[in-house]
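Structure file entry29.csv (CSV, C-alpha atoms) follows.
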```csv
chain,number,residue,atom,x,y,z
A,15,MET,CA,-39.2,-112.1,73.4
A,16,ALA,CA,-38.4,-115.0,75.7
A,17,ASN,CA,-42.0,-115.4,76.7
A,18,PHE,CA,-43.0,-115.5,73.0
A,19,LYS,CA,-40.5,-118.3,72.2
A,20,GLN,CA,-41.7,-120.3,75.2
A,21,GLN,CA,-45.3,-119.9,74.0
A,22,VAL,CA,-44.4,-121.1,70.5
A,23,MET,CA,-42.6,-124.1,71.9
A,24,VAL,CA,-45.5,-125.1,74.1
A,25,TYR,CA,-47.9,-124.8,71.1
A,26,ALA,CA,-45.7,-127.0,68.9
A,27,VAL,CA,-45.5,-129.7,71.6
A,28,ALA,CA,-49.2,-129.6,72.1
A,29,MET,CA,-49.8,-130.1,68.3
A,30,LEU,CA,-47.5,-133.1,68.2
A,31,LEU,CA,-49.3,-134.7,71.1
A,32,LEU,CA,-52.7,-134.2,69.3
A,33,LEU,CA,-51.5,-136.0,66.1
A,34,PRO,CA,-52.6,-139.6,65.7
A,35,ILE,CA,-50.0,-142.0,67.0
A,36,ARG,CA,-50.2,-144.1,63.8
A,37,ALA,CA,-48.8,-141.1,61.9
A,38,PHE,CA,-45.4,-141.9,63.5
A,39,SER,CA,-45.6,-145.7,63.1
A,40,GLY,CA,-44.9,-145.7,59.4
A,41,GLU,CA,-47.9,-148.0,58.9
A,42,VAL,CA,-51.4,-147.0,57.8
A,43,PRO,CA,-54.1,-149.5,58.7
A,44,GLU,CA,-55.8,-151.0,55.6
A,45,PRO,CA,-59.5,-149.8,55.5
A,46,ASP,CA,-62.1,-152.5,55.9
A,47,LEU,CA,-64.9,-152.9,53.3
A,48,MET,CA,-67.3,-150.5,55.1
A,49,GLU,CA,-64.7,-147.7,55.1
A,50,LEU,CA,-63.8,-148.3,51.5
A,51,LEU,CA,-67.5,-147.9,50.5
A,52,GLU,CA,-68.8,-145.3,52.9
A,53,GLN,CA,-65.9,-143.1,53.8
A,54,ALA,CA,-66.5,-139.4,53.4
A,55,PRO,CA,-65.2,-137.7,50.2
A,56,ASN,CA,-62.7,-135.5,51.9
A,57,GLN,CA,-61.1,-138.4,53.6
A,58,GLN,CA,-60.2,-140.1,50.4
A,59,GLN,CA,-58.4,-139.0,47.2
A,60,ASP,CA,-61.7,-138.3,45.5
A,61,ILE,CA,-65.1,-139.8,46.5
A,62,SER,CA,-66.3,-143.2,47.9
A,63,LEU,CA,-68.4,-145.7,46.1
A,64,SER,CA,-71.4,-145.0,48.2
A,65,ASP,CA,-71.0,-141.2,47.7
A,66,LEU,CA,-70.6,-141.7,44.0
A,67,PHE,CA,-74.0,-143.5,43.7
A,68,ARG,CA,-75.7,-140.6,45.5
A,69,LEU,CA,-73.9,-138.0,43.3
A,70,VAL,CA,-75.0,-139.9,40.2
A,71,ARG,CA,-78.6,-140.2,41.5
A,72,ASP,CA,-78.8,-136.5,42.2
A,73,GLU,CA,-77.1,-135.5,38.9
A,74,GLN,CA,-74.2,-133.8,40.7
A,75,ILE,CA,-71.4,-135.4,38.8
A,76,PRO,CA,-70.6,-135.5,35.0
A,77,GLY,CA,-71.1,-138.9,33.4
A,78,THR,CA,-67.5,-139.2,32.2
A,79,LYS,CA,-66.1,-138.5,35.6
A,80,ALA,CA,-68.6,-140.8,37.3
A,81,ARG,CA,-67.8,-143.7,34.9
A,82,LYS,CA,-64.0,-143.4,35.4
A,83,ARG,CA,-64.4,-143.3,39.2
A,84,LEU,CA,-66.9,-146.1,39.2
A,85,ILE,CA,-64.5,-148.4,37.4
A,86,GLU,CA,-61.8,-147.6,39.9
A,87,LEU,CA,-63.9,-148.0,43.0
A,88,LEU,CA,-65.6,-151.2,41.9
A,89,ALA,CA,-62.2,-152.8,41.2
A,90,ALA,CA,-61.2,-151.9,44.7
A,91,ALA,CA,-64.5,-153.2,46.1
A,92,ARG,CA,-64.1,-156.4,44.2
A,93,GLU,CA,-60.6,-157.0,45.6
A,94,LYS,CA,-61.7,-156.1,49.2
A,95,TYR,CA,-64.7,-158.4,48.9
A,96,TYR,CA,-62.6,-161.4,48.2
A,97,GLN,CA,-60.0,-160.5,50.8
A,98,SER,CA,-62.9,-160.3,53.3
A,99,GLY,CA,-64.0,-163.9,52.5
A,100,GLY,CA,-66.6,-163.1,49.9
A,101,THR,CA,-67.4,-165.9,47.5
A,102,ASP,CA,-69.2,-166.3,44.1
A,103,ALA,CA,-72.5,-168.1,43.8
A,104,LEU,CA,-73.6,-170.2,40.8
A,105,ARG,CA,-76.7,-169.2,39.0
A,106,ALA,CA,-78.3,-172.4,40.1
A,107,ASP,CA,-78.0,-171.0,43.7
A,108,TRP,CA,-79.8,-167.7,42.9
A,109,TYR,CA,-83.1,-166.9,44.7
A,110,PHE,CA,-86.3,-165.2,43.6
A,111,PRO,CA,-86.2,-161.8,45.3
A,112,VAL,CA,-89.6,-161.7,46.9
A,113,SER,CA,-90.4,-164.1,49.8
A,114,GLY,CA,-93.4,-166.3,49.3
A,115,TYR,CA,-93.7,-165.5,45.6
A,116,ASP,CA,-92.5,-166.8,42.2
A,117,ILE,CA,-92.3,-165.8,38.6
A,118,LYS,CA,-96.1,-165.5,38.3
A,119,ALA,CA,-95.9,-162.3,40.4
A,120,ILE,CA,-94.3,-160.5,37.4
A,121,THR,CA,-96.9,-159.3,35.0
A,122,GLY,CA,-96.9,-156.7,32.2
A,123,GLY,CA,-97.5,-158.6,28.9
A,124,ARG,CA,-94.9,-160.1,26.7
A,125,LYS,CA,-92.1,-157.8,27.8
A,126,HIS,CA,-93.2,-157.8,31.5
A,127,GLY,CA,-92.9,-154.1,31.7
A,128,TYR,CA,-89.2,-154.2,30.8
A,129,ILE,CA,-88.1,-151.2,28.6
A,130,ALA,CA,-84.4,-150.6,28.2
A,131,ARG,CA,-84.7,-147.9,25.6
A,132,GLY,CA,-84.0,-144.5,27.0
A,133,TYR,CA,-82.2,-145.7,30.1
A,134,ASP,CA,-79.0,-144.0,31.1
A,135,PHE,CA,-77.5,-145.0,34.5
A,136,TYR,CA,-75.6,-141.7,34.7
A,137,ALA,CA,-78.8,-139.6,34.3
A,138,GLY,CA,-79.6,-140.5,37.9
A,139,ASN,CA,-83.0,-139.9,39.2
A,140,ARG,CA,-84.2,-138.6,35.9
A,141,HIS,CA,-83.3,-141.6,33.7
A,142,GLY,CA,-85.7,-142.7,31.0
A,143,GLY,CA,-87.1,-146.1,30.2
A,144,HIS,CA,-88.0,-148.9,32.6
A,145,PRO,CA,-85.2,-151.5,32.4
A,146,SER,CA,-86.6,-153.3,35.3
A,147,LEU,CA,-89.1,-155.9,36.5
A,148,ASP,CA,-91.8,-155.1,39.0
A,149,ILE,CA,-92.8,-158.0,41.3
A,150,PHE,CA,-96.2,-157.5,42.8
A,151,ILE,CA,-97.7,-159.0,46.0
A,152,HIS,CA,-101.3,-159.6,47.1
A,153,ASP,CA,-102.0,-156.3,48.9
A,154,ARG,CA,-105.4,-154.9,47.9
A,155,ASN,CA,-105.7,-152.6,50.9
A,156,ARG,CA,-102.2,-151.2,50.3
A,157,ASP,CA,-101.0,-151.9,53.9
A,158,ARG,CA,-97.7,-153.3,52.7
A,159,ARG,CA,-98.6,-156.7,54.0
A,160,ASP,CA,-99.5,-160.0,52.2
A,161,ASP,CA,-103.3,-160.3,52.2
A,162,ARG,CA,-103.0,-164.1,52.6
A,163,SER,CA,-100.8,-164.2,55.7
A,164,GLY,CA,-101.2,-160.6,57.1
A,165,GLU,CA,-97.4,-160.6,57.4
A,166,GLN,CA,-94.7,-158.3,55.9
A,167,VAL,CA,-92.9,-159.5,52.9
A,168,LYS,CA,-89.1,-159.9,52.8
A,169,ILE,CA,-86.9,-158.8,49.9
A,170,ILE,CA,-84.3,-161.5,49.2
A,171,SER,CA,-80.9,-161.2,47.7
A,172,VAL,CA,-80.8,-162.9,44.3
A,173,THR,CA,-77.1,-163.1,44.1
A,174,SER,CA,-74.0,-163.0,46.3
A,175,GLY,CA,-72.2,-159.7,46.7
A,176,VAL,CA,-71.9,-156.6,48.8
A,177,VAL,CA,-74.2,-153.7,49.5
A,178,VAL,CA,-72.5,-150.7,47.9
A,179,SER,CA,-75.3,-148.1,48.2
A,180,ALA,CA,-78.3,-147.8,50.4
A,181,GLU,CA,-81.0,-145.1,51.1
A,182,ASP,CA,-82.9,-145.7,54.3
A,183,HIS,CA,-84.7,-142.4,54.5
A,184,TRP,CA,-87.7,-141.3,52.5
A,185,GLU,CA,-90.7,-139.1,53.2
A,186,GLU,CA,-94.0,-138.5,51.5
A,187,GLY,CA,-93.6,-135.8,48.9
A,188,SER,CA,-90.0,-136.6,48.1
A,189,GLY,CA,-89.1,-136.7,44.4
A,190,LEU,CA,-86.8,-139.7,45.0
A,191,ARG,CA,-88.1,-142.4,42.6
A,192,GLY,CA,-86.6,-145.4,44.3
A,193,GLY,CA,-87.6,-144.5,47.8
A,194,LYS,CA,-85.7,-146.7,50.3
A,195,TYR,CA,-83.4,-148.8,48.2
A,196,LEU,CA,-80.3,-151.0,48.0
A,197,TRP,CA,-77.7,-151.6,45.4
A,198,VAL,CA,-75.8,-154.9,45.7
A,199,TYR,CA,-72.6,-155.5,43.7
A,200,ASP,CA,-72.0,-159.0,42.5
A,201,PRO,CA,-68.2,-159.1,41.6
A,202,GLY,CA,-68.3,-162.6,40.2
A,203,ASN,CA,-70.9,-161.8,37.5
A,204,ASP,CA,-70.0,-158.1,37.3
A,205,LEU,CA,-73.6,-157.1,38.1
A,206,LEU,CA,-75.2,-154.3,40.1
A,207,VAL,CA,-78.7,-155.3,41.4
A,208,TYR,CA,-81.1,-152.6,42.5
A,209,TYR,CA,-83.9,-153.3,45.0
A,210,ALA,CA,-86.3,-150.4,45.4
A,211,HIS,CA,-89.5,-149.2,47.1
A,212,ASN,CA,-88.8,-150.8,50.4
A,213,GLU,CA,-90.4,-150.1,53.8
A,214,LYS,CA,-87.3,-150.9,55.9
A,215,LEU,CA,-83.7,-151.9,55.0
A,216,LEU,CA,-82.2,-154.8,57.0
A,217,LEU,CA,-78.7,-154.3,55.8
A,218,LYS,CA,-76.3,-151.4,55.4
A,219,VAL,CA,-73.4,-150.4,53.1
A,220,GLY,CA,-70.5,-152.8,53.4
A,221,ASP,CA,-72.6,-155.9,54.4
A,222,MET,CA,-71.8,-159.0,52.3
A,223,VAL,CA,-74.7,-161.2,51.2
A,224,ARG,CA,-75.3,-164.7,49.8
A,225,PRO,CA,-78.3,-165.7,47.7
A,226,GLY,CA,-81.3,-166.1,49.9
A,227,ASP,CA,-80.3,-163.5,52.5
A,228,ALA,CA,-83.0,-161.0,53.6
A,229,LEU,CA,-82.2,-157.5,52.4
A,230,ALA,CA,-85.3,-155.4,53.3
A,231,ILE,CA,-89.0,-155.4,54.0
A,232,MET,CA,-91.2,-154.6,51.0
A,233,GLY,CA,-92.9,-151.2,51.1
A,234,ARG,CA,-94.4,-148.4,49.1
A,235,SER,CA,-91.6,-145.8,49.3
A,236,GLY,CA,-90.8,-143.8,46.2
A,237,LEU,CA,-92.4,-141.0,44.1
A,238,ASN,CA,-94.8,-143.3,42.2
A,239,ALA,CA,-94.9,-146.4,44.4
A,240,ALA,CA,-96.4,-144.4,47.2
A,241,LYS,CA,-99.5,-143.3,45.2
A,242,LYS,CA,-102.8,-145.1,46.0
A,243,ARG,CA,-103.1,-146.3,42.4
A,244,SER,CA,-99.8,-148.1,42.5
A,245,PRO,CA,-99.9,-151.8,43.6
A,246,THR,CA,-97.3,-152.8,46.2
A,247,HIS,CA,-94.3,-154.2,44.5
A,248,LEU,CA,-90.5,-154.6,44.4
A,249,HIS,CA,-88.7,-152.7,41.6
A,250,LEU,CA,-85.8,-154.9,40.5
A,251,THR,CA,-83.1,-153.6,38.1
A,252,VAL,CA,-80.0,-155.7,37.1
A,253,ILE,CA,-77.1,-153.9,35.3
A,254,LYS,CA,-74.0,-155.4,33.7
A,255,VAL,CA,-71.2,-153.1,34.7
A,256,ASN,CA,-69.2,-153.9,31.5
A,257,GLY,CA,-66.3,-151.5,32.0
A,258,GLY,CA,-68.6,-148.8,33.3
A,259,ARG,CA,-71.0,-148.8,30.3
A,260,MET,CA,-73.8,-150.0,32.6
A,261,LYS,CA,-75.9,-152.2,30.3
A,262,PRO,CA,-79.3,-153.1,31.8
A,263,LEU,CA,-80.3,-156.8,31.6
A,264,ASP,CA,-83.7,-158.4,31.2
A,265,PHE,CA,-83.6,-160.8,34.1
A,266,TYR,CA,-86.9,-162.5,33.6
A,267,GLN,CA,-85.6,-165.8,32.3
A,268,SER,CA,-83.0,-166.0,35.1
A,269,LEU,CA,-85.7,-165.5,37.7
A,270,LYS,CA,-87.9,-168.3,36.2
A,271,SER,CA,-85.4,-170.9,37.4
A,272,ALA,CA,-84.5,-169.2,40.7
A,273,LYS,CA,-84.9,-170.9,44.0
A,274,LEU,CA,-88.0,-169.8,46.0
A,275,PHE,CA,-87.8,-168.4,49.5
A,276,THR,CA,-90.6,-169.6,51.7
A,277,ALA,CA,-92.4,-166.9,53.6
A,278,GLY,CA,-91.8,-166.9,57.3
```

Could you express the structure from this file as structure tokens?
Amino acid sequence: MANFKQQVMVYAVAMLLLLPIRAFSGEVPEPDLMELLEQAPNQQQDISLSDLFRLVRDEQIPGTKARKRLIELLAAAREKYYQSGGTDALRADWYFPVSGYDIKAITGGRKHGYIARGYDFYAGNRHGGHPSLDIFIHDRNRDRRDDRSGEQVKIISVTSGVVVSAEDHWEEGSGLRGGKYLWVYDPGNDLLVYYAHNEKLLLKVGDMVRPGDALAIMGRSGLNAAKKRSPTHLHLTVIKVNGGRMKPLDFYQSLKSAKLFTAG
């Protein structure tokens, strides 16, 4: 019996030593912006913002629950963004999202390919419509480079904000429509901006951006963008969060007056 009690005592002491020291300090360090956005679900009360975007994309969460959690997490991200030194940018400071190109790179008739009807953010990868603008580059041989310069083309942040979701892995045959993409949240304008079909991401979840910052390298990733018949382009979607109602915006007029980023 004595030996058993001694073993229990030794085990208890060992467990106490293994506990994090901060558990006894009475203070829990405040998470930084990266932790808030990317922390694993079982480490938070529910799910992180980055995880939520993946669950919505893959249709693994009911829309009502996703909307409620999205409102909560974006509010927390907004507060942390400003605490971390994030600032708003005037529309006059916004940039065209494709380096070396301007509004003439957007074609598609009077509507420029923009179709909001049928779109539902919470339907994820199977959403309908095309509430987006496709911005094409000169790339006749489909090598993901500008034919005029032979160089790769940078994708530029239109607004200020923070990267809240990113997918940097995509393989041929994947059904993922956006391929390698980024979602940037602009707290000042309550916008989510989606940049899809990239070759390489230059930023990660938690990175803060200003208008004109490079986000990625244009590519041909994604279910349809990878097909030979598809011209090389950026797929740009802008959504007004609007209390979680996620209303897509036709951003064509805003891009007409955007600043241009010189290639190089």

| query | In terms of the shortest atom-to-atom distance over all atoms listed in the file, which of A:Ser174, A:His152, A:Asp204, A:Ser64 is closest to A:Gly258? | reply |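 That would be A:Asp204, the residue with the smallest distance to A:Gly258.
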
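Every protein or nucleic acid residue with an atom no more than 9 Å from stretch 127-132 of chain A, counting only C-alpha atoms and leaving out same-chain residues fewer than 3 positions away, appears here: Ile120, Thr121, Gly122, Gly123, Arg124, His141, Gly142, Gly143, His144, Pro145, Ser146, Leu147, Asp148, Lys261, Pro262, Leu263 and Asp264 of chain A.
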
| message | Residues near stretch 220-236 of chain A, anyone? I mean within 7 Å using all atoms listed in the file, not counting same-chain ones fewer than 5 positions away, as JSON, numbers by chain. | response | {"A": [47, 48, 51, 107, 108, 109, 158, 166, 167, 168, 169, 170, 171, 172, 173, 174, 175, 176, 177, 178, 184, 190, 191, 192, 193, 194, 211, 212, 213, 214, 215, 246, 248, 275]}

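As for atom CA of A:Tyr199 and atom CA of A:Ser179, they are spaced 9.1 Å apart.
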
| field | Between atom CA of A:Lys79 and atom CA of A:His183, distance in Å (one decimal) | value |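 So the two atoms, atom CA of A:Lys79 and atom CA of A:His183, lie 26.8 Å apart.
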
| field | Distance query A:Pro201 at most 9 Å, all atoms listed in the file, self and fewer than 4 positions along chain excluded, as a list in words | value | Leu88, Ala89, Ala91, Arg92, Glu93, Tyr95, Tyr96, Asp102, Ser174, Gly175, Val176, Leu205 and Leu206 of chain A

| said: Under the rule that all atoms listed in the file are counted, which of A:Val219, A:Leu196, A:Val255, A:Ala210 is the nearest residue to A:Ala240? | reply: A:Ala210

| field | Atom-to-atom span, atom CA of A:Asn139 and atom CA of A:Leu63, Å | value |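 Interatomic distance here is 17.2 Å.
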
Atoms are missing here; could stretch 166-202 of chain A be completed with N, CA and C atoms and written as a PDB file, in the frame of the given file?
```pdb
ATOM      1  N   GLN A 166     -95.592-159.034  56.836  1.00  0.00           N
ATOM      2  CA  GLN A 166     -94.700-158.300  55.900  1.00  0.00           C
ATOM      3  C   GLN A 166     -93.976-159.225  55.031  1.00  0.00           C
ATOM      4  N   VAL A 167     -93.541-158.715  53.894  1.00  0.00           N
ATOM      5  CA  VAL A 167     -92.900-159.500  52.900  1.00  0.00           C
ATOM      6  C   VAL A 167     -91.404-159.161  52.793  1.00  0.00           C
ATOM      7  N   LYS A 168     -90.550-160.171  52.877  1.00  0.00           N
ATOM      8  CA  LYS A 168     -89.100-159.900  52.800  1.00  0.00           C
ATOM      9  C   LYS A 168     -88.609-159.832  51.388  1.00  0.00           C
ATOM     10  N   ILE A 169     -87.648-158.922  51.203  1.00  0.00           N
ATOM     11  CA  ILE A 169     -86.900-158.800  49.900  1.00  0.00           C
ATOM     12  C   ILE A 169     -85.646-159.621  50.087  1.00  0.00           C
ATOM     13  N   ILE A 170     -85.389-160.504  49.132  1.00  0.00           N
ATOM     14  CA  ILE A 170     -84.300-161.500  49.200  1.00  0.00           C
ATOM     15  C   ILE A 170     -83.226-161.195  48.198  1.00  0.00           C
ATOM     16  N   SER A 171     -81.984-161.382  48.601  1.00  0.00           N
ATOM     17  CA  SER A 171     -80.900-161.200  47.700  1.00  0.00           C
ATOM     18  C   SER A 171     -80.882-162.303  46.620  1.00  0.00           C
ATOM     19  N   VAL A 172     -80.884-161.921  45.363  1.00  0.00           N
ATOM     20  CA  VAL A 172     -80.800-162.900  44.300  1.00  0.00           C
ATOM     21  C   VAL A 172     -79.455-163.540  44.203  1.00  0.00           C
ATOM     22  N   THR A 173     -78.444-162.703  44.260  1.00  0.00           N
ATOM     23  CA  THR A 173     -77.100-163.100  44.100  1.00  0.00           C
ATOM     24  C   THR A 173     -76.250-163.017  45.347  1.00  0.00           C
ATOM     25  N   SER A 174     -74.987-163.356  45.236  1.00  0.00           N
ATOM     26  CA  SER A 174     -74.000-163.000  46.300  1.00  0.00           C
ATOM     27  C   SER A 174     -73.464-161.642  45.983  1.00  0.00           C
ATOM     28  N   GLY A 175     -72.797-161.028  46.949  1.00  0.00           N
ATOM     29  CA  GLY A 175     -72.200-159.700  46.700  1.00  0.00           C
ATOM     30  C   GLY A 175     -72.075-158.888  47.947  1.00  0.00           C
ATOM     31  N   VAL A 176     -72.014-157.590  47.744  1.00  0.00           N
ATOM     32  CA  VAL A 176     -71.900-156.600  48.800  1.00  0.00           C
ATOM     33  C   VAL A 176     -72.740-155.425  48.590  1.00  0.00           C
ATOM     34  N   VAL A 177     -73.343-154.912  49.645  1.00  0.00           N
ATOM     35  CA  VAL A 177     -74.200-153.700  49.500  1.00  0.00           C
ATOM     36  C   VAL A 177     -73.247-152.504  49.318  1.00  0.00           C
ATOM     37  N   VAL A 178     -73.403-151.838  48.185  1.00  0.00           N
ATOM     38  CA  VAL A 178     -72.500-150.700  47.900  1.00  0.00           C
ATOM     39  C   VAL A 178     -73.213-149.358  47.978  1.00  0.00           C
ATOM     40  N   SER A 179     -74.529-149.357  48.045  1.00  0.00           N
ATOM     41  CA  SER A 179     -75.300-148.100  48.200  1.00  0.00           C
ATOM     42  C   SER A 179     -76.604-148.418  48.856  1.00  0.00           C
ATOM     43  N   ALA A 180     -77.048-147.542  49.757  1.00  0.00           N
ATOM     44  CA  ALA A 180     -78.300-147.800  50.400  1.00  0.00           C
ATOM     45  C   ALA A 180     -78.926-146.420  50.828  1.00  0.00           C
ATOM     46  N   GLU A 181     -80.224-146.321  50.650  1.00  0.00           N
ATOM     47  CA  GLU A 181     -81.000-145.100  51.100  1.00  0.00           C
ATOM     48  C   GLU A 181     -82.057-145.597  52.036  1.00  0.00           C
ATOM     49  N   ASP A 182     -81.914-145.261  53.315  1.00  0.00           N
ATOM     50  CA  ASP A 182     -82.900-145.700  54.300  1.00  0.00           C
ATOM     51  C   ASP A 182     -83.819-144.642  54.789  1.00  0.00           C
ATOM     52  N   HIS A 183     -83.803-143.498  54.100  1.00  0.00           N
ATOM     53  CA  HIS A 183     -84.700-142.400  54.500  1.00  0.00           C
ATOM     54  C   HIS A 183     -85.498-141.921  53.307  1.00  0.00           C
ATOM     55  N   TRP A 184     -86.796-141.845  53.500  1.00  0.00           N
ATOM     56  CA  TRP A 184     -87.700-141.300  52.500  1.00  0.00           C
ATOM     57  C   TRP A 184     -88.957-140.836  53.140  1.00  0.00           C
ATOM     58  N   GLU A 185     -89.463-139.695  52.678  1.00  0.00           N
ATOM     59  CA  GLU A 185     -90.700-139.100  53.200  1.00  0.00           C
ATOM     60  C   GLU A 185     -91.680-138.844  52.129  1.00  0.00           C
ATOM     61  N   GLU A 186     -92.954-138.874  52.457  1.00  0.00           N
ATOM     62  CA  GLU A 186     -94.000-138.500  51.500  1.00  0.00           C
ATOM     63  C   GLU A 186     -93.735-137.178  50.883  1.00  0.00           C
ATOM     64  N   GLY A 187     -93.877-137.097  49.567  1.00  0.00           N
ATOM     65  CA  GLY A 187     -93.600-135.800  48.900  1.00  0.00           C
ATOM     66  C   GLY A 187     -92.251-135.738  48.278  1.00  0.00           C
ATOM     67  N   SER A 188     -91.354-136.637  48.674  1.00  0.00           N
ATOM     68  CA  SER A 188     -90.000-136.600  48.100  1.00  0.00           C
ATOM     69  C   SER A 188     -90.045-137.030  46.651  1.00  0.00           C
ATOM     70  N   GLY A 189     -89.215-136.402  45.840  1.00  0.00           N
ATOM     71  CA  GLY A 189     -89.100-136.700  44.400  1.00  0.00           C
ATOM     72  C   GLY A 189     -88.263-137.921  44.116  1.00  0.00           C
ATOM     73  N   LEU A 190     -87.701-138.535  45.145  1.00  0.00           N
ATOM     74  CA  LEU A 190     -86.800-139.700  45.000  1.00  0.00           C
ATOM     75  C   LEU A 190     -87.622-140.878  44.451  1.00  0.00           C
ATOM     76  N   ARG A 191     -87.313-141.342  43.266  1.00  0.00           N
ATOM     77  CA  ARG A 191     -88.100-142.400  42.600  1.00  0.00           C
ATOM     78  C   ARG A 191     -88.000-143.733  43.281  1.00  0.00           C
ATOM     79  N   GLY A 192     -86.808-144.072  43.744  1.00  0.00           N
ATOM     80  CA  GLY A 192     -86.600-145.400  44.300  1.00  0.00           C
ATOM     81  C   GLY A 192     -87.016-145.554  45.745  1.00  0.00           C
ATOM     82  N   GLY A 193     -87.291-144.425  46.419  1.00  0.00           N
ATOM     83  CA  GLY A 193     -87.600-144.500  47.800  1.00  0.00           C
ATOM     84  C   GLY A 193     -86.476-145.039  48.644  1.00  0.00           C
ATOM     85  N   LYS A 194     -86.764-146.010  49.490  1.00  0.00           N
ATOM     86  CA  LYS A 194     -85.700-146.700  50.300  1.00  0.00           C
ATOM     87  C   LYS A 194     -85.211-147.858  49.444  1.00  0.00           C
ATOM     88  N   TYR A 195     -83.944-147.822  49.100  1.00  0.00           N
ATOM     89  CA  TYR A 195     -83.400-148.800  48.200  1.00  0.00           C
ATOM     90  C   TYR A 195     -82.042-149.326  48.574  1.00  0.00           C
ATOM     91  N   LEU A 196     -81.617-150.390  47.892  1.00  0.00           N
ATOM     92  CA  LEU A 196     -80.300-151.000  48.000  1.00  0.00           C
ATOM     93  C   LEU A 196     -79.704-151.274  46.678  1.00  0.00           C
ATOM     94  N   TRP A 197     -78.402-151.062  46.530  1.00  0.00           N
ATOM     95  CA  TRP A 197     -77.700-151.600  45.400  1.00  0.00           C
ATOM     96  C   TRP A 197     -76.695-152.629  45.897  1.00  0.00           C
ATOM     97  N   VAL A 198     -76.737-153.810  45.297  1.00  0.00           N
ATOM     98  CA  VAL A 198     -75.800-154.900  45.700  1.00  0.00           C
ATOM     99  C   VAL A 198     -74.898-155.158  44.461  1.00  0.00           C
ATOM    100  N   TYR A 199     -73.595-155.177  44.715  1.00  0.00           N
ATOM    101  CA  TYR A 199     -72.600-155.500  43.700  1.00  0.00           C
ATOM    102  C   TYR A 199     -72.198-156.918  43.759  1.00  0.00           C
ATOM    103  N   ASP A 200     -72.361-157.640  42.650  1.00  0.00           N
ATOM    104  CA  ASP A 200     -72.000-159.000  42.500  1.00  0.00           C
ATOM    105  C   ASP A 200     -70.687-159.101  41.709  1.00  0.00           C
ATOM    106  N   PRO A 201     -69.505-159.156  42.357  1.00  0.00           N
ATOM    107  CA  PRO A 201     -68.200-159.100  41.600  1.00  0.00           C
ATOM    108  C   PRO A 201     -68.055-160.284  40.656  1.00  0.00           C
ATOM    109  N   GLY A 202     -68.520-161.469  41.048  1.00  0.00           N
ATOM    110  CA  GLY A 202     -68.300-162.600  40.200  1.00  0.00           C
ATOM    111  C   GLY A 202     -68.967-162.554  38.865  1.00  0.00           C
TER     112      GLY A 202
END
```
